[in-house]
Amino acid sequence: MPEALKSRVGLGDTIRQFSTPKTVRKTAFIPAKAEDNSPTPERMAKGDYEWQGKKRIKLNTVNALHMAGDIDGDAVTAAKWWICDYVFANHGYLDILSDVLPSDYVKGDVHTFAISRGNAAERIGMIRDRLGLCAHIRLEMMLARELSFSAMAEALVPDKSAHGRRIVSGQCALVLEQLCGAYSGVRKEIRDRIERNKALVLGPSA
């Protein structure tokens, strides 16, 4: 082996042992600026927002009536029934469609889906017939369109009085209290009709 190469034997190990450690550049962590998900001024100008003091906030009219003691829990439940039937009948969507279904659930088809929508539409129509068109309009404005009491008052109170909001909130509370009884009556009427139809098909029971 040439002398020049012999002199370099082990040189690499020596360099690795005594070489200066590599400097690691550290970068400071700067948290990202939180995204602003608050509603835009244009969104807050819509009819489902209302002034509360110096703030403009979105109101849940049913919850506001319940918290104020103007309606009870049964009326809140009836409001949920109505909006579920209304949305399903008009748009074909139901919240339970996205839920986890039980293992013994039998999936329907396009025909059973259409029948279910028809049943929901029938219940909405029967409620409208029982409570009247004025009550139906208030239910649409309050539950389907989610308008605030102030926005409803602008459309429903002709003289634009300062008490319009109070008048409308009282009307809505009355309608929701009546809605619970109306649903009970509608369901009884449907059950009785089903029993009559069974009797016509199967004949009188022995």
# chains A, B, ... in the order shown; residues from 1 in each chain; ligands from 1

call {"tool": "residues_around", "arguments": {"residues": "A:Arg117", "least_positions_apart": "5", "cutoff": "7 Å", "atoms": "only C-alpha atoms", "output": "count of residues only"}}
result
3

call {"tool": "residues_around", "arguments": {"residues": "A:Ser169", "least_positions_apart": "3", "cutoff": "8 Å", "atoms": "only C-alpha atoms", "output": "PyMOL selection string"}}
result
chain A and resi 65+149+165-166+172-173

call {"tool": "write_last_selection", "arguments": {"atoms": "all heavy atoms", "output": "PDB file, in the first residue's frame"}}
result
ATOM      1  N   LEU A  65     -89.647  30.982  24.073  1.00  0.00           N
ATOM      2  CA  LEU A  65     -90.968  30.881  24.700  1.00  0.00           C
ATOM      3  C   LEU A  65     -90.938  29.900  25.869  1.00  0.00           C
ATOM      4  O   LEU A  65     -91.567  30.128  26.911  1.00  0.00           O
ATOM      5  CB  LEU A  65     -92.010  30.445  23.677  1.00  0.00           C
ATOM      6  CG  LEU A  65     -92.357  31.461  22.586  1.00  0.00           C
ATOM      7  CD1 LEU A  65     -93.265  30.821  21.544  1.00  0.00           C
ATOM      8  CD2 LEU A  65     -93.026  32.697  23.182  1.00  0.00           C
ATOM      9  N   PHE A 149     -89.376  37.056  16.267  1.00  0.00           N
ATOM     10  CA  PHE A 149     -90.684  37.658  16.545  1.00  0.00           C
ATOM     11  C   PHE A 149     -90.789  39.050  15.920  1.00  0.00           C
ATOM     12  O   PHE A 149     -91.856  39.447  15.441  1.00  0.00           O
ATOM     13  CB  PHE A 149     -90.918  37.745  18.056  1.00  0.00           C
ATOM     14  CG  PHE A 149     -91.067  36.408  18.721  1.00  0.00           C
ATOM     15  CD1 PHE A 149     -90.339  36.087  19.852  1.00  0.00           C
ATOM     16  CD2 PHE A 149     -91.941  35.462  18.212  1.00  0.00           C
ATOM     17  CE1 PHE A 149     -90.476  34.861  20.462  1.00  0.00           C
ATOM     18  CE2 PHE A 149     -92.084  34.216  18.817  1.00  0.00           C
ATOM     19  CZ  PHE A 149     -91.346  33.920  19.949  1.00  0.00           C
ATOM     20  N   ARG A 165     -94.062  42.846  18.522  1.00  0.00           N
ATOM     21  CA  ARG A 165     -93.295  41.664  18.898  1.00  0.00           C
ATOM     22  C   ARG A 165     -93.999  40.903  20.010  1.00  0.00           C
ATOM     23  O   ARG A 165     -94.068  39.671  19.990  1.00  0.00           O
ATOM     24  CB  ARG A 165     -91.899  42.072  19.345  1.00  0.00           C
ATOM     25  CG  ARG A 165     -90.979  40.895  19.658  1.00  0.00           C
ATOM     26  CD  ARG A 165     -89.652  41.360  20.245  1.00  0.00           C
ATOM     27  NE  ARG A 165     -88.737  40.255  20.462  1.00  0.00           N
ATOM     28  CZ  ARG A 165     -88.819  39.404  21.473  1.00  0.00           C
ATOM     29  NH1 ARG A 165     -89.776  39.572  22.374  1.00  0.00           N
ATOM     30  NH2 ARG A 165     -87.945  38.419  21.599  1.00  0.00           N
ATOM     31  N   ARG A 166     -94.519  41.634  20.998  1.00  0.00           N
ATOM     32  CA  ARG A 166     -95.207  40.983  22.114  1.00  0.00           C
ATOM     33  C   ARG A 166     -96.490  40.304  21.639  1.00  0.00           C
ATOM     34  O   ARG A 166     -96.830  39.202  22.085  1.00  0.00           O
ATOM     35  CB  ARG A 166     -95.528  42.025  23.184  1.00  0.00           C
ATOM     36  CG  ARG A 166     -96.110  41.443  24.465  1.00  0.00           C
ATOM     37  CD  ARG A 166     -96.411  42.539  25.460  1.00  0.00           C
ATOM     38  NE  ARG A 166     -95.231  43.350  25.727  1.00  0.00           N
ATOM     39  CZ  ARG A 166     -95.264  44.469  26.442  1.00  0.00           C
ATOM     40  NH1 ARG A 166     -96.431  44.920  26.926  1.00  0.00           N
ATOM     41  NH2 ARG A 166     -94.157  45.145  26.661  1.00  0.00           N
ATOM     42  N   CYS A 172     -97.876  33.044  18.915  1.00  0.00           N
ATOM     43  CA  CYS A 172     -97.091  31.835  18.672  1.00  0.00           C
ATOM     44  C   CYS A 172     -97.165  30.880  19.860  1.00  0.00           C
ATOM     45  O   CYS A 172     -97.245  29.649  19.675  1.00  0.00           O
ATOM     46  CB  CYS A 172     -95.631  32.205  18.391  1.00  0.00           C
ATOM     47  SG  CYS A 172     -95.382  33.025  16.798  1.00  0.00           S
ATOM     48  N   ALA A 173     -97.127  31.414  21.073  1.00  0.00           N
ATOM     49  CA  ALA A 173     -97.251  30.569  22.259  1.00  0.00           C
ATOM     50  C   ALA A 173     -98.594  29.850  22.263  1.00  0.00           C
ATOM     51  O   ALA A 173     -98.676  28.645  22.560  1.00  0.00           O
ATOM     52  CB  ALA A 173     -97.079  31.409  23.525  1.00  0.00           C
TER      53      ALA A 173
END

call {"tool": "residues_around", "arguments": {"residues": "A:Arg130", "least_positions_apart": "4", "cutoff": "10 Å", "atoms": "only C-alpha atoms", "output": "list of chain:residue names"}}
result
A:Ile124, A:Gly125, A:Met126, A:Ala135, A:His136, A:Gln178, A:Leu179, A:Gly181, A:Ala182, A:Tyr183, A:Gly185, A:Val186

call {"tool": "write_last_selection", "arguments": {"atoms": "C-alpha atoms", "output": "compact mmCIF listing (two decimals), in the first residue's frame"}}
result
# COMPACT_ATOMS: atom_id res chain seq x y z
CA ILE A 124 -99.52 18.61 8.22
CA GLY A 125 -102.77 19.09 6.28
CA MET A 126 -104.88 17.72 9.13
CA ALA A 135 -101.99 29.20 12.76
CA HIS A 136 -100.38 27.29 9.89
CA GLN A 178 -102.82 24.11 20.66
CA LEU A 179 -100.46 22.12 18.42
CA GLY A 181 -103.60 18.72 21.39
CA ALA A 182 -104.03 18.84 17.63
CA TYR A 183 -101.39 16.17 17.13
CA GLY A 185 -106.37 14.31 17.86
CA VAL A 186 -104.81 13.69 14.45

call {"tool": "residues_around", "arguments": {"residues": "A:Ala64", "least_positions_apart": "3", "cutoff": "12 Å", "atoms": "only C-alpha atoms", "output": "list in words"}}
result
Lys58, Leu59, Asn60, Thr61, Met67, Ala68, Gly69, Asp70, Ile71, Asp72, Val76, Met142, Ser148, Phe149, Ser169, Gly170, Cys172 and Ala173 of chain A

call {"tool": "closest_residue", "arguments": {"among": "A:Thr112, A:Gln171, A:Asn119, A:Asn90", "to": "A:Met152", "atoms": "only C-alpha atoms"}}
result
A:Gln171

call {"tool": "closest_residue", "arguments": {"among": "A:Leu94, A:Ala75, A:Cys180, A:Val175", "to": "A:Leu139", "atoms": "only C-alpha atoms"}}
result
A:Val175

call {"tool": "residues_around", "arguments": {"residues": "stretch 81-87 of chain A", "least_positions_apart": "5", "cutoff": "8 Å", "atoms": "only C-alpha atoms", "output": "list in words"}}
result
Gly92, Tyr93, Leu94, Asp95, Ala120, Ala121, Arg123, Ile124, Leu143 and Ala144 of chain A

call {"tool": "write_last_selection", "arguments": {"atoms": "all heavy atoms", "output": "compact mmCIF listing (two decimals), in the first residue's frame"}}
result
# COMPACT_ATOMS: atom_id res chain seq x y z
N GLY A 92 -88.40 15.86 1.53
CA GLY A 92 -87.97 14.47 1.52
C GLY A 92 -86.80 14.17 2.43
O GLY A 92 -86.09 13.19 2.23
N TYR A 93 -86.58 14.98 3.45
CA TYR A 93 -85.47 14.77 4.37
C TYR A 93 -85.99 14.60 5.79
O TYR A 93 -86.91 15.30 6.21
CB TYR A 93 -84.48 15.93 4.33
CG TYR A 93 -83.36 15.76 5.34
CD1 TYR A 93 -82.29 14.91 5.09
CD2 TYR A 93 -83.40 16.44 6.56
CE1 TYR A 93 -81.29 14.72 6.01
CE2 TYR A 93 -82.40 16.26 7.50
CZ TYR A 93 -81.34 15.41 7.22
OH TYR A 93 -80.36 15.22 8.14
N LEU A 94 -85.40 13.66 6.51
CA LEU A 94 -85.77 13.41 7.89
C LEU A 94 -84.50 13.19 8.69
O LEU A 94 -83.60 12.46 8.23
CB LEU A 94 -86.69 12.19 7.98
CG LEU A 94 -87.49 11.98 9.26
CD1 LEU A 94 -88.45 13.15 9.50
CD2 LEU A 94 -88.28 10.68 9.18
N ASP A 95 -84.40 13.78 9.87
CA ASP A 95 -83.17 13.66 10.66
C ASP A 95 -82.81 12.22 10.96
O ASP A 95 -81.63 11.86 11.00
CB ASP A 95 -83.32 14.43 11.98
CG ASP A 95 -83.19 15.94 11.78
OD1 ASP A 95 -82.62 16.34 10.75
OD2 ASP A 95 -83.64 16.70 12.64
N ALA A 120 -96.73 12.07 6.15
CA ALA A 120 -96.29 13.30 6.80
C ALA A 120 -97.05 14.50 6.26
O ALA A 120 -97.48 15.38 7.02
CB ALA A 120 -94.78 13.49 6.61
N ALA A 121 -97.23 14.54 4.94
CA ALA A 121 -97.98 15.65 4.34
C ALA A 121 -99.43 15.63 4.80
O ALA A 121 -100.04 16.69 5.02
CB ALA A 121 -97.91 15.55 2.82
N ARG A 123 -100.53 14.55 7.72
CA ARG A 123 -100.59 15.06 9.09
C ARG A 123 -100.50 16.58 9.11
O ARG A 123 -101.22 17.24 9.88
CB ARG A 123 -99.46 14.44 9.93
CG ARG A 123 -99.67 12.98 10.26
CD ARG A 123 -98.68 12.49 11.31
NE ARG A 123 -97.32 12.47 10.81
CZ ARG A 123 -96.76 11.43 10.21
NH1 ARG A 123 -97.45 10.32 10.02
NH2 ARG A 123 -95.50 11.47 9.81
N ILE A 124 -99.62 17.15 8.28
CA ILE A 124 -99.52 18.61 8.22
C ILE A 124 -100.85 19.21 7.76
O ILE A 124 -101.32 20.23 8.30
CB ILE A 124 -98.39 19.03 7.25
CG1 ILE A 124 -97.02 18.67 7.84
CG2 ILE A 124 -98.45 20.54 6.94
CD1 ILE A 124 -96.65 19.44 9.09
N LEU A 143 -91.21 28.11 12.60
CA LEU A 143 -90.44 26.86 12.62
C LEU A 143 -89.72 26.57 11.32
O LEU A 143 -88.56 26.15 11.34
CB LEU A 143 -91.38 25.69 12.96
CG LEU A 143 -92.13 25.80 14.29
CD1 LEU A 143 -93.06 24.60 14.47
CD2 LEU A 143 -91.16 25.91 15.46
N ALA A 144 -90.40 26.77 10.18
CA ALA A 144 -89.77 26.45 8.90
C ALA A 144 -88.83 27.56 8.44
O ALA A 144 -87.69 27.30 8.03
CB ALA A 144 -90.84 26.18 7.86

call {"tool": "atom_distance", "arguments": {"atom1": "atom CA of A:Leu174", "atom2": "atom CA of A:Arg191"}}
result
26.5 Å

call {"tool": "atom_distance", "arguments": {"atom1": "atom CA of A:Asp74", "atom2": "atom CA of A:Leu176"}}
result
9.1 Å

call {"tool": "atom_distance", "arguments": {"atom1": "atom CA of A:Ser184", "atom2": "atom CA of A:Ala79"}}
result
12.9 Å
